[in-house]
>>> print(open('start_36.txt').read())   # compact mmCIF, C-alpha atoms and all ligand atoms
# COMPACT_ATOMS: atom_id res chain seq x y z
CA MET A 633 -0.14 -23.47 2.77
CA GLY A 634 -1.70 -20.04 2.98
CA LYS A 635 -5.00 -19.09 4.52
CA ILE A 636 -5.28 -15.66 2.88
CA LYS A 637 -5.45 -15.85 -0.89
CA VAL A 638 -4.13 -12.69 -2.51
CA ALA A 639 -3.74 -11.48 -6.10
CA VAL A 640 -1.20 -8.78 -6.98
CA ALA A 641 -1.64 -6.11 -9.68
CA GLY A 642 1.84 -4.79 -10.57
CA VAL A 643 4.87 -7.01 -9.84
CA GLY A 644 7.24 -4.13 -9.09
CA ASN A 645 9.45 -3.38 -6.12
CA CYS A 646 6.62 -3.19 -3.57
CA ALA A 647 5.27 -6.58 -4.66
CA SER A 648 8.79 -8.02 -4.53
CA ALA A 649 9.37 -6.70 -1.00
CA LEU A 650 5.97 -7.99 0.15
CA ILE A 651 6.38 -11.46 -1.36
CA GLN A 652 9.92 -11.80 -0.02
CA GLY A 653 8.67 -10.58 3.37
CA ILE A 654 5.92 -13.22 3.49
CA GLU A 655 8.57 -15.90 2.84
CA PHE A 656 11.00 -14.32 5.34
CA TYR A 657 8.47 -14.30 8.20
CA ARG A 658 6.97 -17.66 7.23
CA ARG A 659 10.39 -19.21 7.75
CA ARG A 660 10.68 -17.45 11.13
CA GLY A 661 7.31 -18.90 12.21
CA ILE A 662 5.39 -16.13 13.96
CA THR A 663 3.07 -17.49 16.65
CA GLU A 664 1.26 -16.09 19.70
CA GLY A 665 3.75 -14.28 21.92
CA THR A 666 6.59 -14.23 19.36
CA ALA A 667 8.54 -11.02 19.76
CA GLU A 668 9.57 -10.16 16.22
CA TRP A 669 11.03 -6.79 15.32
CA GLY A 670 10.25 -5.50 11.84
CA LEU A 671 6.50 -6.07 12.04
CA ILE A 672 3.95 -3.52 13.26
CA THR A 673 1.58 -6.32 14.31
CA PRO A 674 3.13 -9.82 14.46
CA LEU A 675 -0.32 -11.48 14.61
CA VAL A 676 -3.41 -9.71 13.22
CA GLY A 677 -6.17 -11.66 14.96
CA PRO A 678 -5.17 -15.27 14.26
CA TYR A 679 -3.18 -14.41 11.13
CA ALA A 680 0.62 -14.47 10.79
CA PRO A 681 2.42 -12.99 7.76
CA GLY A 682 3.15 -16.52 6.53
CA ASP A 683 -0.58 -17.20 6.21
CA ILE A 684 -0.66 -15.02 3.10
CA GLU A 685 -0.47 -16.90 -0.19
CA ILE A 686 -0.14 -15.16 -3.55
CA VAL A 687 -2.47 -16.99 -5.94
CA ALA A 688 -2.36 -14.69 -9.00
CA ALA A 689 -0.17 -11.88 -10.31
CA PHE A 690 -0.59 -9.38 -13.14
CA ASP A 691 1.91 -7.17 -14.93
CA VAL A 692 2.63 -5.90 -18.45
CA ASP A 693 6.43 -5.94 -18.60
CA ARG A 694 7.96 -8.43 -21.08
CA ARG A 695 10.57 -9.50 -18.48
CA LYS A 696 7.83 -10.47 -15.99
CA VAL A 697 4.76 -11.64 -17.97
CA GLY A 698 4.72 -15.43 -18.54
CA LYS A 699 7.44 -15.93 -15.90
CA ARG A 700 7.06 -17.74 -12.61
CA LEU A 701 6.35 -15.21 -9.86
CA ALA A 702 9.49 -16.34 -7.98
CA GLU A 703 11.55 -15.19 -11.00
CA ALA A 704 9.52 -12.10 -11.93
CA ILE A 705 9.95 -10.39 -8.55
CA PHE A 706 13.71 -10.20 -9.20
CA ALA A 707 13.47 -9.18 -12.88
CA PRO A 708 14.55 -5.68 -14.00
CA PRO A 709 13.68 -2.90 -13.57
CA ASN A 710 12.99 -4.11 -9.99
CA CYS A 711 15.89 -3.03 -7.82
CA THR A 712 14.84 -3.65 -4.23
CA ARG A 713 16.97 -5.66 -1.81
CA ARG A 714 17.01 -9.44 -2.01
CA VAL A 715 16.39 -10.80 1.48
CA VAL A 716 15.55 -14.43 0.67
CA ASP A 717 17.27 -16.76 -1.80
CA THR A 718 13.95 -17.86 -3.28
CA VAL A 719 10.22 -17.75 -2.56
CA ASP A 720 7.63 -20.51 -2.69
CA ASP A 721 5.33 -19.08 -5.38
CA GLY A 722 3.01 -22.10 -5.51
CA GLY A 723 3.54 -22.28 -9.30
CA VAL A 724 1.94 -18.88 -10.00
CA VAL A 725 2.85 -17.47 -13.43
CA VAL A 726 2.52 -13.72 -14.04
CA SER A 727 -0.43 -12.95 -16.34
CA MET A 728 -0.58 -10.08 -18.81
CA SER A 729 -3.13 -7.40 -17.98
CA PRO A 730 -4.21 -4.53 -20.26
CA VAL A 731 -1.63 -1.71 -20.25
CA LEU A 732 -4.26 1.10 -20.23
CA ASP A 733 -2.55 4.11 -18.57
CA GLY A 734 0.03 2.04 -16.64
CA VAL A 735 3.12 2.94 -18.69
CA PRO A 736 4.10 6.60 -19.13
CA ASP A 737 5.61 7.75 -22.47
CA HIS A 738 8.54 9.63 -20.93
CA MET A 739 10.07 6.35 -19.70
CA ALA A 740 11.01 5.39 -23.28
CA ALA A 741 13.93 7.86 -23.07
CA TYR A 742 15.59 5.88 -20.24
CA PRO A 743 17.81 2.76 -20.36
CA ASP A 744 16.00 -0.60 -20.56
CA ASP A 745 17.07 -1.74 -17.10
CA ARG A 746 15.52 1.36 -15.51
CA ARG A 747 12.10 1.44 -17.18
CA PHE A 748 8.96 -0.57 -17.91
CA ILE A 749 8.94 -2.37 -21.29
CA PRO A 750 5.43 -3.57 -22.15
CA ALA A 751 5.21 -7.02 -23.76
CA GLU A 752 3.91 -6.86 -27.33
CA ARG A 753 1.03 -9.28 -26.98
CA GLU A 754 -2.67 -9.40 -26.16
CA PRO A 755 -3.68 -9.35 -22.50
CA ASP A 756 -4.73 -12.58 -20.81
CA ASP A 757 -8.33 -13.08 -19.67
CA VAL A 758 -7.77 -11.32 -16.35
CA ARG A 759 -11.31 -11.93 -15.10
CA ARG A 760 -10.96 -15.67 -15.66
CA VAL A 761 -7.49 -15.89 -14.13
CA LEU A 762 -8.64 -13.96 -11.07
CA SER A 763 -11.78 -15.95 -10.61
CA GLU A 764 -10.08 -19.35 -11.09
CA SER A 765 -7.27 -18.39 -8.70
CA GLY A 766 -9.67 -18.23 -5.75
CA ALA A 767 -8.23 -14.82 -4.76
CA GLU A 768 -10.08 -13.22 -1.83
CA ILE A 769 -8.12 -9.96 -1.91
CA LEU A 770 -6.43 -7.99 -4.71
CA VAL A 771 -3.60 -5.62 -3.85
CA ASN A 772 -3.03 -2.70 -6.19
CA PHE A 773 0.66 -1.89 -6.78
CA LEU A 774 0.27 -0.13 -10.14
CA PRO A 775 2.32 2.98 -10.99
CA VAL A 776 1.16 6.38 -9.78
CA GLY A 777 -1.19 7.92 -12.37
CA SER A 778 -2.81 4.58 -13.35
CA GLN A 779 -6.36 5.88 -13.00
CA LYS A 780 -7.91 3.70 -15.70
CA ALA A 781 -5.93 0.57 -14.80
CA THR A 782 -6.86 0.95 -11.12
CA GLU A 783 -10.54 1.41 -11.99
CA TYR A 784 -10.29 -1.68 -14.21
CA PHE A 785 -9.05 -3.82 -11.31
CA ALA A 786 -11.44 -2.21 -8.79
CA SER A 787 -14.40 -3.00 -11.09
CA LEU A 788 -13.28 -6.62 -11.43
CA CYS A 789 -13.10 -6.87 -7.63
CA LEU A 790 -16.66 -5.53 -7.38
CA ASP A 791 -17.89 -8.03 -9.99
CA LEU A 792 -16.10 -11.02 -8.47
CA GLY A 793 -16.60 -10.18 -4.77
CA ILE A 794 -12.87 -9.69 -4.10
CA ALA A 795 -11.63 -7.32 -1.37
CA PHE A 796 -9.38 -4.48 -2.55
CA ALA A 797 -6.20 -3.09 -0.98
CA ASN A 798 -5.49 0.15 -2.80
CA CYS A 799 -1.89 1.10 -2.12
CA ILE A 800 -1.67 3.86 -4.72
CA PRO A 801 -2.93 7.45 -4.88
CA VAL A 802 -5.90 6.86 -7.17
CA PHE A 803 -8.90 7.58 -5.01
CA ILE A 804 -11.17 4.55 -4.54
CA ALA A 805 -11.82 3.95 -0.81
CA SER A 806 -11.83 7.71 -0.21
CA ASP A 807 -13.99 8.48 -3.25
CA PRO A 808 -17.67 8.60 -2.23
CA VAL A 809 -18.89 7.05 -5.50
CA TRP A 810 -16.43 4.13 -5.49
CA GLY A 811 -16.75 3.74 -1.71
CA LYS A 812 -20.52 3.36 -2.06
CA LYS A 813 -20.11 0.65 -4.68
CA PHE A 814 -18.02 -1.41 -2.25
CA THR A 815 -20.52 -0.73 0.57
CA GLU A 816 -23.49 -1.78 -1.56
CA LYS A 817 -21.82 -5.11 -2.34
CA ASN A 818 -20.50 -5.48 1.22
CA ILE A 819 -16.94 -5.96 -0.08
CA PRO A 820 -14.17 -4.55 2.12
CA VAL A 821 -11.70 -2.00 0.73
CA ILE A 822 -8.74 -0.30 2.42
CA GLY A 823 -7.22 2.79 0.77
CA ASP A 824 -5.85 4.99 -0.56
CA ASP A 825 -2.05 5.31 -1.00
CA VAL A 826 -0.21 3.26 1.59
CA LYS A 827 1.79 5.02 4.31
CA SER A 828 5.22 3.54 4.89
CA GLN A 829 6.17 1.80 8.12
CA LEU A 830 8.50 4.65 9.03
CA GLY A 831 8.32 6.99 6.06
CA ALA A 832 8.36 10.68 5.34
CA THR A 833 4.59 11.02 5.81
CA ILE A 834 4.32 9.59 9.31
CA LEU A 835 7.50 11.40 10.39
CA HIS A 836 6.32 14.72 8.97
CA ARG A 837 2.90 14.28 10.63
CA SER A 838 4.56 13.54 13.98
CA LEU A 839 6.84 16.57 13.72
CA VAL A 840 4.12 19.11 12.94
CA ARG A 841 1.92 17.55 15.67
CA LEU A 842 4.78 17.99 18.12
CA PHE A 843 5.03 21.68 17.17
CA ASN A 844 1.28 22.15 17.72
CA ASP A 845 1.17 20.10 20.94
CA ARG A 846 3.86 22.39 22.38
CA GLY A 847 1.88 25.50 21.40
CA ILE A 848 4.04 26.33 18.41
CA ARG A 849 2.34 27.62 15.29
CA VAL A 850 3.65 26.03 12.11
CA LYS A 851 4.30 28.83 9.61
CA ARG A 852 5.83 26.92 6.72
CA THR A 853 6.90 23.42 5.90
CA TYR A 854 8.25 21.31 3.08
CA GLN A 855 9.05 17.67 2.40
CA LEU A 856 11.34 16.91 -0.55
CA ASN A 857 11.88 13.29 -1.58
CA THR A 858 14.42 11.71 -3.90
CA GLY A 859 14.81 8.10 -5.02
CA GLY A 860 16.09 5.97 -7.89
CA ASN A 861 13.43 3.31 -8.47
CA THR A 862 10.77 3.22 -11.22
CA ASP A 863 8.25 4.80 -8.83
CA PHE A 864 10.42 7.94 -8.77
CA LEU A 865 11.15 7.74 -12.51
CA ASN A 866 7.41 7.49 -13.20
CA MET A 867 6.71 10.49 -11.01
CA LEU A 868 8.97 12.74 -13.13
CA ASN A 869 5.84 13.12 -15.23
CA ARG A 870 4.11 15.85 -13.26
CA GLU A 871 0.72 15.16 -14.84
CA ARG A 872 0.69 11.70 -13.27
CA LEU A 873 1.62 13.20 -9.95
CA SER A 874 -1.34 15.38 -9.04
CA SER A 875 -3.19 12.80 -6.91
CA LYS A 876 0.08 11.82 -5.16
CA LYS A 877 0.68 15.46 -4.22
CA ILE A 878 -2.88 15.83 -2.92
CA SER A 879 -2.60 12.60 -0.95
CA LYS A 880 0.77 13.47 0.64
CA THR A 881 -0.09 17.12 1.32
CA GLU A 882 -3.50 16.37 2.84
CA SER A 883 -1.95 13.74 5.06
CA VAL A 884 0.29 16.37 6.70
CA ARG A 885 -2.22 19.22 6.59
CA SER A 886 -4.93 17.13 8.27
CA VAL A 887 -3.04 16.87 11.59
CA LEU A 888 -2.36 20.61 11.88
CA ASP A 889 -4.42 22.79 14.25
CA GLN A 890 -4.07 25.79 11.93
CA THR A 891 -4.71 26.27 8.23
CA LEU A 892 -1.71 26.70 5.96
CA ASP A 893 -1.92 28.49 2.63
CA ASP A 894 -0.89 26.39 -0.36
CA ARG A 895 2.28 28.48 -0.77
CA ASP A 896 3.36 27.61 2.80
CA ILE A 897 3.20 23.83 2.46
CA HIS A 898 5.09 21.82 -0.16
CA VAL A 899 5.02 18.03 0.05
CA GLY A 900 5.94 15.76 -2.80
CA PRO A 901 8.32 13.53 -4.69
CA SER A 902 11.02 15.85 -5.94
CA ASP A 903 13.57 14.13 -8.11
CA TYR A 904 14.81 10.90 -9.63
CA VAL A 905 18.43 10.01 -8.80
CA PRO A 906 19.22 6.69 -10.58
CA TRP A 907 22.08 5.60 -8.31
CA GLN A 908 19.81 5.73 -5.28
CA ASP A 909 17.89 2.68 -6.62
CA ASP A 910 15.34 1.70 -3.95
CA ASN A 911 16.85 4.04 -1.35
CA LYS A 912 14.57 7.00 -0.69
CA ILE A 913 15.77 10.13 1.02
CA ALA A 914 13.37 12.68 2.51
CA PHE A 915 14.33 16.19 3.55
CA ILE A 916 11.80 17.76 5.90
CA ARG A 917 11.83 21.36 7.11
CA VAL A 918 9.37 22.91 9.55
CA GLU A 919 9.37 26.60 10.50
CA GLY A 920 7.27 27.83 13.40
CA GLU A 921 6.71 30.47 16.04
CA GLY A 922 6.81 29.79 19.78
CA PHE A 923 6.60 31.92 22.94
CA CYS A 924 6.11 35.61 22.07
CA GLY A 925 6.63 34.73 18.41
CA ALA A 926 10.15 33.33 18.95
CA PRO A 927 11.22 31.51 15.77
CA VAL A 928 11.77 27.73 15.71
CA GLU A 929 13.29 25.85 12.76
CA LEU A 930 13.72 22.12 12.33
CA GLU A 931 15.44 20.13 9.57
CA VAL A 932 15.42 16.35 9.31
CA ARG A 933 16.88 13.91 6.77
CA LEU A 934 15.38 10.42 6.61
CA SER A 935 16.97 7.60 4.61
CA VAL A 936 14.98 4.40 4.10
CA ILE A 937 14.64 1.47 1.69
CA ASP A 938 11.39 2.41 0.00
CA SER A 939 9.71 -0.89 -0.88
CA PRO A 940 10.07 -2.96 2.32
CA ASN A 941 8.94 0.20 4.08
CA SER A 942 5.58 -0.03 2.30
CA ALA A 943 5.41 -3.84 2.50
CA GLY A 944 5.71 -3.63 6.30
CA VAL A 945 2.33 -1.91 6.27
CA VAL A 946 0.69 -3.85 3.44
CA ILE A 947 1.27 -7.08 5.39
CA ASP A 948 -1.13 -5.69 8.05
CA VAL A 949 -3.55 -4.26 5.46
CA LEU A 950 -4.07 -7.70 3.89
CA ARG A 951 -4.67 -9.36 7.24
CA CYS A 952 -7.19 -6.66 8.29
CA LEU A 953 -9.05 -7.21 5.01
CA LYS A 954 -9.13 -10.95 5.67
CA LEU A 955 -10.55 -10.32 9.15
CA ALA A 956 -13.25 -8.12 7.59
CA LEU A 957 -14.09 -10.92 5.13
CA ASP A 958 -14.30 -13.44 7.99
CA ALA A 959 -16.58 -11.09 9.93
CA GLY A 960 -18.77 -10.09 6.98
CA ILE A 961 -17.76 -6.42 7.23
CA GLY A 962 -17.82 -4.56 3.88
CA GLY A 963 -17.29 -1.11 2.35
CA PRO A 964 -14.36 1.23 3.08
CA LEU A 965 -12.75 0.14 6.37
CA LEU A 966 -12.34 3.49 8.14
CA GLU A 967 -9.97 2.59 10.99
CA PRO A 968 -7.40 0.53 9.04
CA SER A 969 -7.57 3.02 6.13
CA SER A 970 -6.83 5.88 8.49
CA TYR A 971 -3.87 4.13 10.15
CA PHE A 972 -2.35 2.52 7.07
CA MET A 973 -3.14 4.96 4.25
CA LYS A 974 -2.21 8.55 3.41
CA HIS A 975 -5.57 9.43 1.87
CA PRO A 976 -8.28 7.56 3.81
CA PRO A 977 -12.01 8.35 3.75
CA LEU A 978 -11.59 9.77 7.28
CA GLN A 979 -8.40 11.16 8.84
CA PHE A 980 -7.58 10.46 12.51
CA THR A 981 -4.35 11.37 14.27
CA ASP A 982 -1.91 8.46 14.11
CA GLU A 983 -2.33 7.72 17.83
CA GLU A 984 -6.12 7.63 17.56
CA ALA A 985 -5.94 5.56 14.39
CA ARG A 986 -3.61 3.02 16.02
CA GLU A 987 -6.02 2.57 18.93
CA GLU A 988 -8.96 2.34 16.53
CA VAL A 989 -7.22 -0.38 14.49
CA ARG A 990 -6.70 -2.42 17.68
CA ASN A 991 -10.43 -2.03 18.42
CA PHE A 992 -11.28 -2.96 14.83
CA ILE A 993 -9.20 -6.16 15.02
CA HIS A 994 -10.81 -7.13 18.33
CA ARG A 995 -14.32 -6.42 17.02
CA ALA A 996 -13.75 -8.27 13.76
CA VAL A 997 -12.32 -11.34 15.54
CA GLU A 998 -15.37 -11.50 17.83
CA LEU A 999 -17.78 -11.00 14.93
CA ALA A 1000 -16.00 -13.68 12.88
CA LYS A 1001 -16.48 -16.17 15.73
CA LYS A 1002 -20.22 -15.47 15.67
CA VAL A 1003 -20.29 -15.87 11.89
CA ARG A 1004 -18.50 -19.23 12.18
CA GLU A 1005 -20.58 -20.55 15.05
CA PRO A 1006 -24.29 -20.99 14.36
CA GLU A 1007 -26.57 -19.44 17.02
CA GLY A 1008 -27.46 -22.85 18.55
CA ALA A 1009 -23.84 -23.90 18.95
CA ARG A 1010 -23.10 -20.70 20.87
CA GLU A 1011 -26.03 -21.40 23.18
CA GLY A 1012 -24.37 -24.54 24.47
CA SER A 1013 -25.40 -27.25 21.99
CA THR A 1014 -22.64 -29.74 21.28
CA PRO A 1015 -20.82 -28.86 18.05
CA ARG A 1016 -20.71 -31.71 15.54
N1 LIG A 1101 7.07 3.14 0.01
C1 LIG A 1101 6.63 2.86 -1.20
O1 LIG A 1101 7.34 2.26 -1.95
C2 LIG A 1101 5.25 3.31 -1.59
C3 LIG A 1101 4.49 4.03 -0.70
C4 LIG A 1101 3.22 4.44 -1.08
C5 LIG A 1101 2.71 4.12 -2.32
N2 LIG A 1101 3.48 3.41 -3.18
C6 LIG A 1101 2.90 3.14 -4.50
O2 LIG A 1101 2.81 1.75 -4.78
C7 LIG A 1101 2.85 1.57 -6.21
C8 LIG A 1101 3.83 0.47 -6.54
O3 LIG A 1101 5.15 0.92 -6.23
P1 LIG A 1101 6.40 0.12 -6.78
O4 LIG A 1101 7.59 0.77 -6.19
O5 LIG A 1101 6.21 -1.34 -6.65
O6 LIG A 1101 6.32 0.51 -8.33
P2 LIG A 1101 7.10 -0.16 -9.53
O7 LIG A 1101 7.30 0.89 -10.54
O8 LIG A 1101 8.30 -0.90 -9.03
O9 LIG A 1101 6.06 -1.28 -10.07
C9 LIG A 1101 4.94 -1.04 -10.83
C10 LIG A 1101 4.65 -2.29 -11.65
O10 LIG A 1101 3.42 -2.12 -12.34
C11 LIG A 1101 3.57 -2.69 -13.63
N3 LIG A 1101 2.48 -2.18 -14.49
C12 LIG A 1101 2.42 -1.05 -15.23
N4 LIG A 1101 1.21 -0.97 -15.86
C13 LIG A 1101 0.51 -2.07 -15.50
C14 LIG A 1101 -0.79 -2.55 -15.81
N5 LIG A 1101 -1.62 -1.88 -16.62
N6 LIG A 1101 -1.20 -3.74 -15.26
C15 LIG A 1101 -0.36 -4.44 -14.42
N7 LIG A 1101 0.89 -4.01 -14.10
C16 LIG A 1101 1.31 -2.84 -14.62
C17 LIG A 1101 4.97 -2.33 -14.04
O11 LIG A 1101 5.44 -3.13 -15.09
C18 LIG A 1101 5.71 -2.59 -12.72
O12 LIG A 1101 6.12 -3.93 -12.61
C19 LIG A 1101 3.22 2.93 -6.80
O13 LIG A 1101 2.07 3.57 -7.26
C20 LIG A 1101 3.79 3.67 -5.60
O14 LIG A 1101 3.67 5.07 -5.70
C21 LIG A 1101 4.73 2.99 -2.85
>>> encode(input="start_36.txt", output="structure tokens", more="lines below")
Ligand SMILES: NC(=O)c1ccc[n+]([C@@H]2O[C@H](COP(=O)([O-])OP(=O)(O)OC[C@H]3O[C@@H](n4cnc5c(N)ncnc54)[C@H](O)[C@@H]3O)[C@@H](O)[C@H]2O)c1
Amino acid sequence: MGKIKVAVAGVGNCASALIQGIEFYRRRGITEGTAEWGLITPLVGPYAPGDIEIVAAFDVDRRKVGKRLAEAIFAPPNCTRRVVDTVDDGGVVVSMSPVLDGVPDHMAAYPDDRRFIPAEREPDDVRRVLSESGAEILVNFLPVGSQKATEYFASLCLDLGIAFANCIPVFIASDPVWGKKFTEKNIPVIGDDVKSQLGATILHRSLVRLFNDRGIRVKRTYQLNTGGNTDFLNMLNRERLSSKKISKTESVRSVLDQTLDDRDIHVGPSDYVPWQDDNKIAFIRVEGEGFCGAPVELEVRLSVIDSPNSAGVVIDVLRCLKLALDAGIGGPLLEPSSYFMKHPPLQFTDEEAREEVRNFIHRAVELAKKVREPEGAREGSTPR
């Protein structure tokens, strides 16, 4: 079975797409030299997607808590595509975690099959479940705005020595105080707010970079996004949205060679359209000035399935964290965070970040070998 033991906080659409994806690629059998479209990195060091095993899962929804993970990932309000008939969940049952700030009030006005419905019961002993599961990594898929719930899981990771993959826009890896806590305990963390495999963020960054690389000043730009999953429903509450807006806006702004006033850049989730389900549509507009101030305007519409788009990146995030654990590298992982996340501790251009991730993987694999092999064995003594 799996070599990378992962716990999941939030069994929503992203978790469903990830868990189905692990099963999908496990059945395909990815090995050295396999050409497999759909994956950014078929093998991360020695690790294939099928090496990931989910050993614990936490949610609060009455249709998911107490259910086998294989059933919970398809329970409403999840609405992502089904790409495998079933998944091997190793018998994992979804545990109840504290609701804290995970469930927004405004959702109560929507039909049951579209919203979260918290189970009316006490939470399980999350610390015990996590620790007994043997999880090495916890992946955070909580709803946007779950500041307290994210901090709750991040603190447990610090206490239990579990690596943290923070896929949501609550700032942990990029927050100096939280980052330091992970560094002091030498526990790896990648964050914050996962970029999609080919999503609005990476496309928007590439477009404004293209303008700048061709000497064109970007004057104004926007990115409007619509979708019909619970992530979009949740984000109708603008108070929960502020960190998401910062994360998405900074991600675009950071690759520009000129400064843009706040009024000239608008990036954010824009509306909830129920019939879109897990289909997300992004409308991007860039206005600029070229030779002698000649105007240039560009409009792009991108249509993607939201959750597999994030899972295609998370599958690499988890394997980079495992490499860091093998190599004894802790704290915020700068290169993978920059390539995989919208709001990393340090922003690189996407090209630089991609190269840096390759270097990171190579370095970590070499370091891990040294960690595994005692000094004497490396010097030529016969291994036992
Ligand atoms: N492309 C993408 O889909 C993408 C990209 C970047 C970031 N993200 C972020 O990833 C996160 C997950 O996205 P999703 O589409 O799976 O969301 P979702 O709404 O489908 O799932 C969230 C899950 O969290 C559960 N939950 C709520 N409070 C909880 C608590 N206190 N403890 C445990 N579980 C709790 C809900 O019941 C639900 O099952 C969101 O914050 C989203 O913004 C997604």
>>> residues_near_ligand(input="start_36.txt", ligand="ligand LIG 1101 (chain A)", cutoff="6 Å", atoms="all atoms listed in the file", output="PyMOL selection string")
chain A and resi 641-647+690-693+710+729-732+734-735+748+773-776+781+799-800+825-828+862-863+938-939+941-942
>>> closest_residue(input="start_36.txt", among="A:Asp845, A:Arg951, A:Leu934, A:Glu871", to="Gln890 (chain A)", atoms="all atoms listed in the file")
A:Asp845
>>> residues_around(input="start_36.txt", residues="Glu998 (chain A)", least_positions_apart="5", cutoff="9 Å", atoms="only C-alpha atoms", output="PyMOL selection string")
chain A and resi 959+993+1003
>>> atom_distance(input="start_36.txt", atom1="CA of Ser883 (chain A)", atom2="CA of Val771 (chain A)")
21.4 Å
>>> atom_distance(input="start_36.txt", atom1="CA of Ile705 (chain A)", atom2="CA of Ser787 (chain A)")
25.6 Å
>>> axis_aligned_box(input="start_36.txt", around="region 769-785 of chain A", padding_each_side="3 Å", output="AutoDock Vina command-line options")
--center_x -4.1 --center_y -1.0 --center_z -8.8 --size_x 18.9 --size_y 23.9 --size_z 19.8
>>> residues_around(input="start_36.txt", residues="Phe843 (chain A)", least_positions_apart="2", cutoff="10 Å", atoms="all atoms listed in the file", output="list in words")
Ser838, Leu839, Val840, Arg841, Asp845, Arg846, Gly847, Ile848, Arg849, Val850, Leu888, Asp889, Val918, Glu919, Gly920, Glu921, Gly922, Val928 and Leu930 of chain A
>>> residues_near_point(input="start_36.txt", point="(-5.2, -7.7, -3.8)", cutoff="8 Å", atoms="all atoms listed in the file", output="ChimeraX atom specification")
/A:638-641,767-772,794-798,950
>>> closest_residue(input="start_36.txt", among="A:Val884, A:Leu892, A:Met973, A:Val715", to="Val949 (chain A)", atoms="all atoms listed in the file")
A:Met973
>>> residues_around(input="start_36.txt", residues="Val899 (chain A)", least_positions_apart="6", cutoff="6 Å", atoms="only C-alpha atoms", output="MDAnalysis selection string")
chainID A and resid 854:855 881
>>> decode(input="start_36.txt", residues="region 834-865 of chain A", atoms="C-alpha atoms", output="short mmCIF file (atom, residue, chain, number, x, y, z; two decimals), in the first residue's frame")
data_model
loop_
_atom_site.label_atom_id
_atom_site.label_comp_id
_atom_site.auth_asym_id
_atom_site.auth_seq_id
_atom_site.Cartn_x
_atom_site.Cartn_y
_atom_site.Cartn_z
CA ILE A 834 -1.14 31.10 -13.69
CA LEU A 835 -2.79 32.21 -16.95
CA HIS A 836 -3.20 35.79 -15.74
CA ARG A 837 0.42 35.86 -14.52
CA SER A 838 1.64 34.56 -17.89
CA LEU A 839 -0.39 37.14 -19.82
CA VAL A 840 0.80 40.18 -17.87
CA ARG A 841 4.39 38.85 -18.03
CA LEU A 842 4.04 38.57 -21.79
CA PHE A 843 2.91 42.21 -21.96
CA ASN A 844 5.92 43.32 -19.88
CA ASP A 845 8.42 41.08 -21.72
CA ARG A 846 7.33 42.73 -25.00
CA GLY A 847 7.82 46.21 -23.52
CA ILE A 848 4.12 46.86 -23.01
CA ARG A 849 3.05 48.67 -19.88
CA VAL A 850 0.02 47.12 -18.22
CA LYS A 851 -2.41 49.93 -17.40
CA ARG A 852 -5.37 48.01 -16.03
CA THR A 853 -6.44 44.44 -15.55
CA TYR A 854 -9.20 42.35 -14.08
CA GLN A 855 -9.97 38.68 -13.48
CA LEU A 856 -13.60 37.74 -12.80
CA ASN A 857 -14.42 34.18 -11.78
CA THR A 858 -17.73 32.34 -11.57
CA GLY A 859 -18.51 28.82 -10.38
CA GLY A 860 -21.27 26.72 -8.83
CA ASN A 861 -19.57 24.64 -6.12
CA THR A 862 -19.60 25.25 -2.34
CA ASP A 863 -16.26 27.08 -2.61
CA PHE A 864 -18.01 29.76 -4.70
CA LEU A 865 -21.12 29.71 -2.50
#
